[in-house]
file input-v4.tsv (TSV, C-alpha atoms and all ligand atoms)
chain	number	residue	atom	x	y	z
A	1	MET	CA	-155.88	169.25	-58.59
A	2	SER	CA	-157.64	171.14	-61.37
A	3	GLU	CA	-160.70	171.66	-59.21
A	4	ALA	CA	-158.50	173.20	-56.54
A	5	ILE	CA	-157.04	175.59	-59.11
A	6	GLU	CA	-160.51	176.49	-60.34
A	7	SER	CA	-161.68	177.26	-56.83
A	8	ALA	CA	-158.59	179.31	-56.10
A	9	VAL	CA	-159.06	181.37	-59.28
A	10	VAL	CA	-162.75	181.92	-58.56
A	11	GLN	CA	-161.95	182.95	-54.96
A	12	GLU	CA	-159.25	185.31	-56.16
A	13	LEU	CA	-161.76	186.92	-58.54
A	14	LYS	CA	-164.16	187.31	-55.62
A	15	HIS	CA	-161.46	189.23	-53.75
A	16	LYS	CA	-161.04	191.47	-56.78
A	17	THR	CA	-164.74	192.38	-57.05
A	18	GLU	CA	-164.11	195.99	-56.06
A	19	ASP	CA	-161.38	196.35	-58.66
A	20	LEU	CA	-163.71	194.79	-61.24
A	21	ILE	CA	-166.49	197.26	-60.45
A	22	ALA	CA	-164.11	200.23	-60.37
A	23	LEU	CA	-162.68	199.25	-63.74
A	24	ARG	CA	-166.15	198.86	-65.26
A	25	ARG	CA	-167.14	202.28	-63.93
A	26	ASP	CA	-164.01	203.89	-65.34
A	27	LEU	CA	-164.76	202.37	-68.76
A	28	HIS	CA	-168.43	203.34	-68.43
A	29	ALA	CA	-167.48	206.96	-67.82
A	30	HIS	CA	-165.24	206.98	-70.90
A	31	PRO	CA	-167.21	205.29	-73.69
A	32	GLU	CA	-165.84	205.25	-77.23
A	33	LEU	CA	-167.55	204.45	-80.52
A	34	GLY	CA	-166.48	201.63	-82.84
A	35	TYR	CA	-162.92	201.96	-84.19
A	36	GLN	CA	-162.34	204.91	-81.85
A	37	GLU	CA	-161.64	202.79	-78.75
A	38	HIS	CA	-158.18	204.36	-78.24
A	39	ARG	CA	-158.35	205.03	-74.50
A	40	THR	CA	-159.98	201.64	-73.89
A	41	ALA	CA	-157.35	199.83	-75.95
A	42	ALA	CA	-154.46	201.65	-74.24
A	43	LEU	CA	-155.87	200.79	-70.81
A	44	ILE	CA	-156.23	197.11	-71.73
A	45	ALA	CA	-152.72	196.97	-73.19
A	46	GLU	CA	-151.14	198.63	-70.16
A	47	ARG	CA	-152.80	196.37	-67.62
A	48	LEU	CA	-152.23	193.13	-69.47
A	49	ARG	CA	-148.63	193.94	-70.32
A	50	ALA	CA	-148.09	194.58	-66.61
A	51	ALA	CA	-149.65	191.17	-65.92
A	52	GLY	CA	-147.08	189.52	-68.18
A	53	LEU	CA	-149.20	188.74	-71.24
A	54	GLU	CA	-147.88	189.16	-74.79
A	55	VAL	CA	-149.86	192.17	-75.99
A	56	THR	CA	-150.40	193.26	-79.59
A	57	GLU	CA	-152.13	196.58	-80.19
A	58	GLY	CA	-153.62	198.04	-83.35
A	59	VAL	CA	-155.08	194.77	-84.61
A	60	ALA	CA	-157.72	195.65	-87.24
A	61	GLY	CA	-157.68	199.26	-86.11
A	62	THR	CA	-158.16	199.55	-82.37
A	63	GLY	CA	-158.26	195.82	-81.50
A	64	VAL	CA	-155.99	194.36	-78.84
A	65	VAL	CA	-154.79	190.76	-78.54
A	66	ALA	CA	-153.23	189.57	-75.28
A	67	LEU	CA	-151.73	186.09	-75.22
A	68	LEU	CA	-151.29	184.17	-71.99
A	69	ARG	CA	-148.91	181.25	-72.42
A	70	GLY	CA	-149.42	178.57	-69.82
A	71	SER	CA	-146.64	176.53	-68.26
A	72	ALA	CA	-147.31	173.44	-70.38
A	73	ARG	CA	-148.28	172.78	-73.99
A	74	GLY	CA	-151.95	172.41	-74.76
A	75	LYS	CA	-154.93	173.88	-76.52
A	76	THR	CA	-155.46	177.55	-77.25
A	77	VAL	CA	-158.75	179.04	-76.09
A	78	LEU	CA	-159.85	182.41	-77.45
A	79	VAL	CA	-161.73	184.69	-75.04
A	80	ARG	CA	-163.45	187.52	-76.85
A	81	ALA	CA	-164.63	190.84	-75.40
A	82	ASP	CA	-166.15	193.67	-77.43
A	83	MET	CA	-165.11	197.22	-76.51
A	84	ASP	CA	-167.34	199.73	-78.26
A	85	ALA	CA	-170.12	202.01	-77.04
A	86	LEU	CA	-173.16	203.52	-78.76
A	87	PRO	CA	-174.17	206.97	-80.05
A	88	ILE	CA	-176.72	207.55	-77.25
A	89	VAL	CA	-177.05	210.45	-74.80
A	90	GLU	CA	-176.95	208.75	-71.41
A	91	GLU	CA	-179.71	209.58	-68.93
A	92	SER	CA	-178.09	208.88	-65.59
A	93	THR	CA	-177.29	210.59	-62.32
A	94	GLN	CA	-174.64	208.04	-61.35
A	95	SER	CA	-171.13	209.27	-60.58
A	96	TYR	CA	-169.82	207.00	-63.35
A	97	ARG	CA	-172.12	208.33	-66.09
A	98	SER	CA	-170.66	209.06	-69.49
A	99	GLN	CA	-168.22	211.96	-69.68
A	100	ASN	CA	-168.24	211.71	-73.44
A	101	GLN	CA	-171.39	213.59	-74.48
A	102	GLY	CA	-173.55	211.64	-76.92
A	103	VAL	CA	-171.67	208.36	-76.43
A	104	MET	CA	-172.77	205.70	-73.97
A	105	HIS	CA	-171.96	202.16	-72.88
A	106	ALA	CA	-175.60	201.13	-73.26
A	107	CYS	CA	-174.98	197.48	-74.10
A	108	GLY	CA	-172.64	196.32	-71.33
A	109	HIS	CA	-169.41	196.13	-73.32
A	110	ASP	CA	-167.70	198.12	-70.53
A	111	GLY	CA	-168.42	195.14	-68.29
A	112	HIS	CA	-167.16	192.68	-70.90
A	113	VAL	CA	-163.80	194.47	-71.08
A	114	ALA	CA	-163.49	194.72	-67.29
A	115	ILE	CA	-164.33	191.01	-66.87
A	116	ALA	CA	-161.84	189.90	-69.53
A	117	ILE	CA	-159.06	192.03	-68.01
A	118	LEU	CA	-159.63	190.64	-64.51
A	119	VAL	CA	-159.86	187.05	-65.80
A	120	ALA	CA	-156.63	187.55	-67.77
A	121	GLU	CA	-154.79	188.98	-64.76
A	122	THR	CA	-156.04	186.23	-62.45
A	123	LEU	CA	-155.17	183.40	-64.85
A	124	ALA	CA	-151.78	185.01	-65.46
A	125	ALA	CA	-151.08	184.90	-61.73
A	126	ALA	CA	-151.98	181.18	-61.80
A	127	ARG	CA	-149.90	180.56	-64.93
A	128	ALA	CA	-147.90	177.77	-63.28
A	129	HIS	CA	-151.10	175.69	-63.27
A	130	VAL	CA	-152.36	176.66	-66.73
A	131	ARG	CA	-151.89	174.15	-69.53
A	132	GLY	CA	-152.11	175.61	-73.03
A	133	ASN	CA	-152.76	179.21	-74.04
A	134	VAL	CA	-155.50	181.75	-73.58
A	135	LYS	CA	-155.81	184.39	-76.26
A	136	PHE	CA	-157.77	187.40	-75.03
A	137	VAL	CA	-159.21	189.20	-78.02
A	138	PHE	CA	-160.56	192.72	-77.44
A	139	GLN	CA	-162.63	193.52	-80.47
A	140	PRO	CA	-163.62	196.94	-81.81
A	141	ALA	CA	-166.92	197.96	-83.35
A	142	GLU	CA	-169.31	195.16	-82.49
A	143	GLU	CA	-172.32	197.48	-82.61
A	144	SER	CA	-171.72	198.47	-86.20
A	145	ILE	CA	-171.10	194.78	-87.03
A	146	GLY	CA	-167.54	195.47	-87.99
A	147	GLY	CA	-164.66	194.36	-85.82
A	148	ALA	CA	-164.65	190.57	-85.70
A	149	GLU	CA	-164.15	189.78	-89.38
A	150	PRO	CA	-161.17	192.13	-89.89
A	151	MET	CA	-159.55	190.75	-86.74
A	152	ILE	CA	-159.85	187.23	-88.14
A	153	GLN	CA	-158.47	188.42	-91.49
A	154	SER	CA	-155.50	189.92	-89.67
A	155	GLY	CA	-154.72	186.49	-88.24
A	156	VAL	CA	-155.99	186.34	-84.65
A	157	LEU	CA	-157.01	182.71	-85.08
A	158	GLU	CA	-153.38	181.68	-85.76
A	159	ASN	CA	-150.01	181.90	-83.96
A	160	PRO	CA	-150.89	180.00	-81.93
A	161	HIS	CA	-153.80	178.32	-83.70
A	162	VAL	CA	-157.07	178.80	-81.81
A	163	ASP	CA	-158.94	175.57	-80.95
A	164	LEU	CA	-161.99	176.90	-79.12
A	165	ALA	CA	-163.68	180.25	-78.56
A	166	VAL	CA	-165.77	181.61	-75.71
A	167	ALA	CA	-167.45	184.92	-74.90
A	168	LEU	CA	-170.17	186.28	-72.69
A	169	HIS	CA	-172.72	189.06	-72.90
A	170	LEU	CA	-174.16	190.77	-69.82
A	171	TRP	CA	-177.89	190.38	-70.31
A	172	ASN	CA	-180.66	192.54	-68.90
A	173	GLU	CA	-183.29	190.09	-70.10
A	174	LEU	CA	-182.22	187.76	-67.26
A	175	PRO	CA	-182.07	188.47	-63.53
A	176	VAL	CA	-178.70	189.04	-61.90
A	177	GLY	CA	-177.21	185.86	-60.44
A	178	THR	CA	-178.24	183.70	-63.38
A	179	VAL	CA	-176.55	182.45	-66.55
A	180	GLY	CA	-178.16	181.39	-69.85
A	181	VAL	CA	-176.52	178.86	-72.17
A	182	ARG	CA	-177.92	177.32	-75.34
A	183	ALA	CA	-176.50	175.10	-78.07
A	184	GLY	CA	-177.22	175.94	-81.71
A	185	PRO	CA	-178.29	179.32	-83.11
A	186	ILE	CA	-178.71	181.97	-80.38
A	187	PHE	CA	-178.36	185.32	-82.14
A	188	ALA	CA	-179.90	186.00	-85.53
A	189	GLY	CA	-178.06	186.68	-88.72
A	190	ALA	CA	-178.63	190.29	-89.80
A	191	ASP	CA	-178.78	191.90	-93.21
A	192	ALA	CA	-179.38	195.57	-93.90
A	193	PHE	CA	-181.02	196.38	-97.22
A	194	THR	CA	-181.84	199.44	-99.30
A	195	ILE	CA	-184.66	199.46	-101.85
A	196	THR	CA	-184.57	202.26	-104.41
A	197	LEU	CA	-187.86	202.75	-106.25
A	198	THR	CA	-187.75	204.90	-109.33
A	199	GLY	CA	-190.77	206.43	-111.10
A	200	ARG	CA	-191.08	209.62	-113.09
A	201	GLY	CA	-191.69	213.06	-111.57
A	202	GLY	CA	-194.50	215.37	-112.50
A	203	HIS	CA	-197.27	217.69	-111.30
A	204	GLY	CA	-199.29	216.45	-108.35
A	205	ALA	CA	-202.48	217.45	-110.16
A	206	MET	CA	-201.65	215.37	-113.26
A	207	PRO	CA	-200.58	211.94	-111.97
A	208	HIS	CA	-201.38	210.27	-115.30
A	209	GLN	CA	-198.40	212.07	-116.83
A	210	ALA	CA	-196.02	210.76	-114.15
A	211	VAL	CA	-195.04	207.52	-112.36
A	212	ASP	CA	-195.57	207.95	-108.63
A	213	ALA	CA	-192.73	206.38	-106.63
A	214	ILE	CA	-194.60	207.00	-103.36
A	215	ALA	CA	-197.59	204.96	-104.58
A	216	ILE	CA	-195.19	202.17	-105.56
A	217	ALA	CA	-193.54	202.37	-102.12
A	218	GLY	CA	-196.95	201.97	-100.47
A	219	GLN	CA	-197.61	198.73	-102.32
A	220	VAL	CA	-194.08	197.47	-101.71
A	221	LEU	CA	-194.33	198.16	-97.97
A	222	VAL	CA	-197.60	196.26	-97.64
A	223	SER	CA	-196.40	193.34	-99.76
A	224	ILE	CA	-193.17	192.97	-97.77
A	225	GLN	CA	-195.33	192.08	-94.75
A	226	THR	CA	-196.37	188.87	-96.51
A	227	LEU	CA	-192.82	187.53	-96.88
A	228	VAL	CA	-192.57	186.22	-93.32
A	229	SER	CA	-196.28	185.50	-92.85
A	230	ARG	CA	-196.93	183.74	-96.19
A	231	GLU	CA	-193.60	182.47	-97.50
A	232	VAL	CA	-191.32	181.42	-94.64
A	233	SER	CA	-192.08	178.24	-92.72
A	234	PRO	CA	-193.82	178.96	-89.42
A	235	PHE	CA	-191.12	176.81	-87.80
A	236	GLN	CA	-188.37	179.19	-88.94
A	237	PRO	CA	-188.08	182.50	-87.09
A	238	ALA	CA	-187.56	185.51	-89.35
A	239	VAL	CA	-188.04	189.27	-89.26
A	240	VAL	CA	-188.28	191.79	-92.10
A	241	THR	CA	-188.47	195.38	-90.87
A	242	VAL	CA	-188.57	198.57	-92.92
A	243	GLY	CA	-187.00	201.27	-90.80
A	244	THR	CA	-186.88	204.28	-93.12
A	245	ILE	CA	-188.84	205.58	-96.09
A	246	GLN	CA	-187.65	208.73	-97.79
A	247	GLY	CA	-189.09	210.45	-100.83
A	248	GLY	CA	-190.82	213.52	-102.11
A	249	THR	CA	-190.15	217.23	-101.85
A	250	ALA	CA	-193.49	219.08	-101.86
A	251	PHE	CA	-197.24	218.53	-101.54
A	252	ASN	CA	-197.93	219.11	-105.23
A	253	ILE	CA	-195.07	217.21	-106.83
A	254	ILE	CA	-195.12	213.53	-107.78
A	255	ALA	CA	-192.03	211.97	-106.19
A	256	PRO	CA	-189.75	210.44	-108.84
A	257	ILE	CA	-187.75	208.37	-106.35
A	258	VAL	CA	-188.23	206.73	-102.95
A	259	GLN	CA	-185.64	204.96	-100.85
A	260	MET	CA	-186.50	202.43	-98.15
A	261	GLN	CA	-184.05	200.89	-95.70
A	262	GLY	CA	-184.63	197.88	-93.55
A	263	THR	CA	-183.26	194.77	-91.93
A	264	ILE	CA	-183.72	191.02	-92.28
A	265	ARG	CA	-183.12	188.75	-89.27
A	266	THR	CA	-182.89	184.99	-89.65
A	267	PHE	CA	-181.33	181.99	-87.88
A	268	ASP	CA	-180.87	179.83	-90.96
A	269	GLN	CA	-178.83	180.73	-94.02
A	270	SER	CA	-181.30	179.16	-96.45
A	271	VAL	CA	-184.15	181.25	-95.01
A	272	ARG	CA	-181.97	184.33	-95.33
A	273	ASP	CA	-181.20	183.54	-98.96
A	274	GLN	CA	-184.88	182.87	-99.63
A	275	LEU	CA	-185.92	186.24	-98.16
A	276	VAL	CA	-183.30	188.22	-100.08
A	277	GLU	CA	-184.31	186.52	-103.32
A	278	ARG	CA	-188.04	186.96	-102.75
A	279	LEU	CA	-187.61	190.60	-101.66
A	280	THR	CA	-185.81	191.29	-104.94
A	281	ILE	CA	-188.46	189.60	-107.09
A	282	LEU	CA	-191.41	191.05	-105.18
A	283	THR	CA	-190.21	194.66	-105.27
A	284	SER	CA	-189.14	194.57	-108.89
A	285	GLY	CA	-192.43	192.90	-109.89
A	286	ILE	CA	-194.55	195.49	-108.08
A	287	ALA	CA	-192.47	198.36	-109.43
A	288	ALA	CA	-192.64	197.02	-112.99
A	289	GLY	CA	-196.39	196.47	-112.72
A	290	MET	CA	-196.78	200.12	-111.73
A	291	ARG	CA	-194.51	201.38	-114.56
A	292	GLY	CA	-191.53	202.01	-112.31
A	293	GLN	CA	-188.28	200.29	-111.44
A	294	SER	CA	-186.73	198.92	-108.30
A	295	GLU	CA	-183.26	198.08	-107.15
A	296	LEU	CA	-182.43	196.14	-104.00
A	297	SER	CA	-178.99	196.19	-102.42
A	298	VAL	CA	-177.92	194.32	-99.32
A	299	THR	CA	-175.60	196.78	-97.61
A	300	MET	CA	-174.50	194.85	-94.53
A	301	SER	CA	-174.52	191.23	-93.53
A	302	CYS	CA	-173.64	189.26	-90.42
A	303	PRO	CA	-174.29	185.52	-90.01
A	304	ALA	CA	-176.19	183.94	-87.12
A	305	VAL	CA	-174.29	183.05	-83.92
A	306	VAL	CA	-174.25	179.26	-83.69
A	307	ASN	CA	-173.00	177.62	-80.49
A	308	ASP	CA	-171.27	174.24	-80.34
A	309	ALA	CA	-173.16	171.71	-78.20
A	310	ASP	CA	-170.08	170.14	-76.55
A	311	VAL	CA	-168.54	173.49	-75.61
A	312	CYS	CA	-171.93	174.68	-74.32
A	313	GLU	CA	-172.11	171.67	-72.02
A	314	ILE	CA	-168.70	172.53	-70.53
A	315	ILE	CA	-169.82	176.14	-69.98
A	316	ARG	CA	-173.12	174.97	-68.47
A	317	GLN	CA	-171.29	172.72	-65.99
A	318	ALA	CA	-168.84	175.50	-65.12
A	319	ALA	CA	-171.77	177.84	-64.48
A	320	ILE	CA	-173.52	175.23	-62.32
A	321	ALA	CA	-170.33	174.73	-60.29
A	322	THR	CA	-170.19	178.50	-59.72
A	323	ILE	CA	-173.78	179.60	-59.05
A	324	GLY	CA	-175.76	176.37	-58.62
A	325	PRO	CA	-178.02	174.45	-61.00
A	326	GLU	CA	-181.09	176.51	-60.07
A	327	ASN	CA	-179.45	179.62	-61.53
A	328	VAL	CA	-178.36	178.17	-64.87
A	329	GLY	CA	-180.92	177.88	-67.64
A	330	ASP	CA	-181.52	177.82	-71.35
A	331	MET	CA	-181.00	181.14	-73.08
A	332	HIS	CA	-183.86	182.25	-75.29
A	333	PRO	CA	-182.59	182.90	-78.81
A	334	SER	CA	-182.51	186.62	-79.65
A	335	THR	CA	-183.26	188.31	-82.96
A	336	GLY	CA	-180.43	190.69	-82.11
A	337	ALA	CA	-177.21	190.10	-84.03
A	338	ASP	CA	-173.60	189.88	-82.88
A	339	ASP	CA	-170.46	189.42	-84.92
A	340	MET	CA	-169.14	186.81	-82.48
A	341	SER	CA	-170.67	184.67	-85.23
A	342	TYR	CA	-167.53	185.10	-87.36
A	343	PHE	CA	-165.29	183.55	-84.68
A	344	LEU	CA	-167.76	180.68	-84.27
A	345	GLN	CA	-167.83	180.07	-88.01
A	346	HIS	CA	-164.15	179.15	-87.77
A	347	VAL	CA	-163.82	177.45	-84.40
A	348	PRO	CA	-166.29	175.65	-82.15
A	349	GLY	CA	-167.28	177.69	-79.15
A	350	CYS	CA	-169.98	179.17	-76.99
A	351	TYR	CA	-171.42	182.63	-76.54
A	352	PHE	CA	-173.38	182.69	-73.30
A	353	VAL	CA	-175.31	185.35	-71.39
A	354	VAL	CA	-174.95	186.52	-67.81
A	355	GLY	CA	-178.07	187.94	-66.16
A	356	SER	CA	-177.57	191.58	-65.12
A	357	ALA	CA	-181.09	192.90	-64.47
A	358	ASN	CA	-182.38	193.93	-61.08
A	359	PRO	CA	-185.70	195.72	-61.70
A	360	GLU	CA	-186.22	196.34	-57.97
A	361	ARG	CA	-183.16	198.56	-58.04
A	362	GLY	CA	-184.26	200.16	-61.32
A	363	LEU	CA	-181.69	198.15	-63.24
A	364	GLY	CA	-183.80	196.41	-65.84
A	365	LYS	CA	-183.80	198.74	-68.83
A	366	PRO	CA	-183.27	197.08	-72.19
A	367	HIS	CA	-179.94	197.19	-74.00
A	368	HIS	CA	-179.41	200.38	-76.05
A	369	HIS	CA	-181.84	202.32	-73.78
A	370	PRO	CA	-180.55	205.75	-72.60
A	371	GLN	CA	-181.08	204.61	-68.97
A	372	PHE	CA	-179.46	201.19	-69.45
A	373	ASP	CA	-177.42	200.04	-66.47
A	374	ILE	CA	-176.53	196.71	-64.89
A	375	ASP	CA	-176.51	195.24	-61.42
A	376	GLU	CA	-172.75	195.14	-60.95
A	377	SER	CA	-172.81	191.90	-58.98
A	378	ALA	CA	-173.25	190.33	-62.41
A	379	LEU	CA	-169.61	191.21	-63.11
A	380	TRP	CA	-168.23	188.70	-60.64
A	381	VAL	CA	-170.60	185.99	-61.87
A	382	GLY	CA	-169.45	186.62	-65.43
A	383	ALA	CA	-165.77	186.65	-64.48
A	384	ALA	CA	-166.01	183.52	-62.34
A	385	VAL	CA	-167.93	181.49	-64.93
A	386	LEU	CA	-165.66	182.69	-67.73
A	387	ALA	CA	-162.47	181.82	-65.81
A	388	ARG	CA	-163.76	178.41	-64.74
A	389	SER	CA	-165.00	177.68	-68.26
A	390	THR	CA	-161.65	178.65	-69.76
A	391	LEU	CA	-159.75	176.35	-67.39
A	392	ARG	CA	-162.12	173.47	-68.19
A	393	LEU	CA	-161.85	174.05	-71.94
A	394	LEU	CA	-158.06	173.96	-71.65
A	395	SER	CA	-158.03	170.75	-69.65
A	396	GLY	CA	-160.84	169.00	-71.53
B	1	ZN	ZN	-175.59	196.27	-78.40
B	2	ZN	ZN	-173.66	194.14	-77.06

call {"tool": "encode", "arguments": {"input": "input-v4.tsv", "output": "C-alpha cells"}}
result
Amino acid sequence: MSEAIESAVVQELKHKTEDLIALRRDLHAHPELGYQEHRTAALIAERLRAAGLEVTEGVAGTGVVALLRGSARGKTVLVRADMDALPIVEESTQSYRSQNQGVMHACGHDGHVAIAILVAETLAAARAHVRGNVKFVFQPAEESIGGAEPMIQSGVLENPHVDLAVALHLWNELPVGTVGVRAGPIFAGADAFTITLTGRGGHGAMPHQAVDAIAIAGQVLVSIQTLVSREVSPFQPAVVTVGTIQGGTAFNIIAPIVQMQGTIRTFDQSVRDQLVERLTILTSGIAAGMRGQSELSVTMSCPAVVNDADVCEIIRQAAIATIGPENVGDMHPSTGADDMSYFLQHVPGCYFVVGSANPERGLGKPHHHPQFDIDESALWVGAAVLARSTLRLLSG
C-alpha cells in the first residue's frame, strides 16, 4: 500500500516537472537577501494556502511555516528549505537571470524553495494516505547564518512537536542524477573572529619610540598558521583563515592599531573550543611580547551539521528506490557551514545533497560563483527523493 502511494507521489511530481522548473526560474529571477525574502515568502504562503496547508507567515521575520495534517495521527516530520540569495552580481544571459541588480541565487536556494512547494502540494493532494504531519519550514537568512535559530526560538519545533527533520541542498560538487548521503558530521561548524591588536603610534622614522601594530600583526598571522598544523590532531579536520587585515594610514606613520578578521571551521566542538582558546593565548602572548595588546572576539558561531545514522539510512534507501543504487553515494563532508545544524541539534534528522552539476552544459560552477547555475533536472530528483523520504519517515 505505502509503496503504491510513494510511486504515485513520485509519478505526480514527474508530471509537475515543468511547473517545478518554472517556479525555480521565477524565484531565480527575483532573488532576495536574508530577512528581505518578502516576495518569496508571499509566493510560498499563497501557493500552500491554496493547497490547503495551515500557513503561518512572519515567523522570525520573513520565515513561513506550512503545516500539512495527514488523515491519521502519527509523527511530525519537519522539511526545511532556505529562501535567501547572495549579494553577487549575476553573470548570466539566461532569460531567468536576476532582475534584482546585485542580488543572486548563487547557492541553489531558489531550487530548494521550489522543491519544497511542489512536494508540499503533492503530499497535500495525497493527504488521505498520509499518516502524521509534515511541517514545511521556509527559513530566512541561511547565508548570513541567521534564520534557523530564531525560528526554533519562536517555536517551530512545537505544536505539533517535531520528531524528525530533513532537508536537501542542490550540490554542484556532484553530477546531476546523483544523491549524496552521509551519517555524522557533514558541514563544519563556523566561527567568525576579530583580533584587535593595539600598539602605540609614532613617526615611521623613529620606531623605537612607538609600538608597531603592523609588525605585531605580521607575527600573529604567521603564528596562526601553526594552530592547525602543530596543535590540532591530524585526524581532526580544521581550518583557520584570516580574511582581512586592516591598519595604518600613511607610509611614514607607525600604525597604532590593526584589526584582523577570520573564520574557524571545525567538525568537533572540542576542537573548536581548543582553537578559540589557543588563538586567544597565542595572540595575546605575541602582542604582549612585542609591547602591545590583543583582544579576540568571536563574532558569529554556528555548530557543525550532524546527521543521524538511522534517518540517513531511510533517506539512502528512498534515494536508491528513486534513482538506483549506482547513483547514490557517500557525501564528502564540506568545510562550508549551514545553520540546518540548529534543527539537527534538537531533533534527529538528515541533511543530504542532490547533484546538480553538468559541466558539459557549462553547469558546474561552484556555489557562490557569479556564473553559478544548476542542471534543472536535479529539481525532480530532489523533489522525488524528498517526498519519498518524508513518506518513509512518517511510516517508519
Ligand atoms: Zn551558500
Ligand atoms: Zn546554500

call {"tool": "residues_near_point", "arguments": {"input": "input-v4.tsv", "point": "(-172.2, 203.4, -65.7)", "cutoff": "12 Å", "atoms": "only C-alpha atoms", "output": "PyMOL selection string"}}
result
chain A and resi 21-31+85+90-99+103-111+363+370-376

call {"tool": "closest_residue", "arguments": {"input": "input-v4.tsv", "among": "A:Val240, A:Val65, A:Val134, A:Val211", "to": "A:Met290", "atoms": "only C-alpha atoms"}}
result
A:Val211

call {"tool": "closest_atom_pairs", "arguments": {"input": "input-v4.tsv", "of": "chain A", "to": "ligand ZN 2 (chain B)", "cutoff": "10 Å", "atoms": "all atoms listed in the file", "output": "CSV"}}
result
residue,atom,partner,partner_atom,distance
A:Ala81,CA,B:ZN2,ZN,9.8
A:Asp82,CA,B:ZN2,ZN,7.5
A:Met83,CA,B:ZN2,ZN,9.1
A:Asp84,CA,B:ZN2,ZN,8.5
A:Ala85,CA,B:ZN2,ZN,8.6
A:Leu86,CA,B:ZN2,ZN,9.5
A:His105,CA,B:ZN2,ZN,9.2
A:Ala106,CA,B:ZN2,ZN,8.2
A:Cys107,CA,B:ZN2,ZN,4.7
A:Gly108,CA,B:ZN2,ZN,6.2
A:His109,CA,B:ZN2,ZN,6.0
A:Asp110,CA,B:ZN2,ZN,9.7
A:His112,CA,B:ZN2,ZN,9.1
A:Ala141,CA,B:ZN2,ZN,10.0
A:Glu142,CA,B:ZN2,ZN,7.0
A:Glu143,CA,B:ZN2,ZN,6.6
A:Leu168,CA,B:ZN2,ZN,9.6
A:His169,CA,B:ZN2,ZN,6.6
A:Leu170,CA,B:ZN2,ZN,8.0
A:Trp171,CA,B:ZN2,ZN,8.8
A:Gly336,CA,B:ZN2,ZN,9.1
A:Ala337,CA,B:ZN2,ZN,8.8
A:Asp338,CA,B:ZN2,ZN,7.2
A:Asp339,CA,B:ZN2,ZN,9.7
A:His367,CA,B:ZN2,ZN,7.6
A:His368,CA,B:ZN2,ZN,8.5

call {"tool": "atom_distance", "arguments": {"input": "input-v4.tsv", "atom1": "atom CA of A:Ser341", "atom2": "atom CA of A:Val311"}}
result
14.9 Å

call {"tool": "closest_residue", "arguments": {"input": "input-v4.tsv", "among": "A:Val271, A:Ile117, A:Leu393, A:Ile254", "to": "A:Ser2", "atoms": "all atoms listed in the file"}}
result
A:Leu393

call {"tool": "residues_around", "arguments": {"input": "input-v4.tsv", "residues": "A:Glu295", "least_positions_apart": "6", "cutoff": "8 Å", "atoms": "only C-alpha atoms", "output": "count of residues only"}}
result
6

call {"tool": "closest_residue", "arguments": {"input": "input-v4.tsv", "among": "A:Leu67, A:Ala190, A:Ala120, A:Ala72", "to": "A:Ala387", "atoms": "all atoms listed in the file"}}
result
A:Ala120
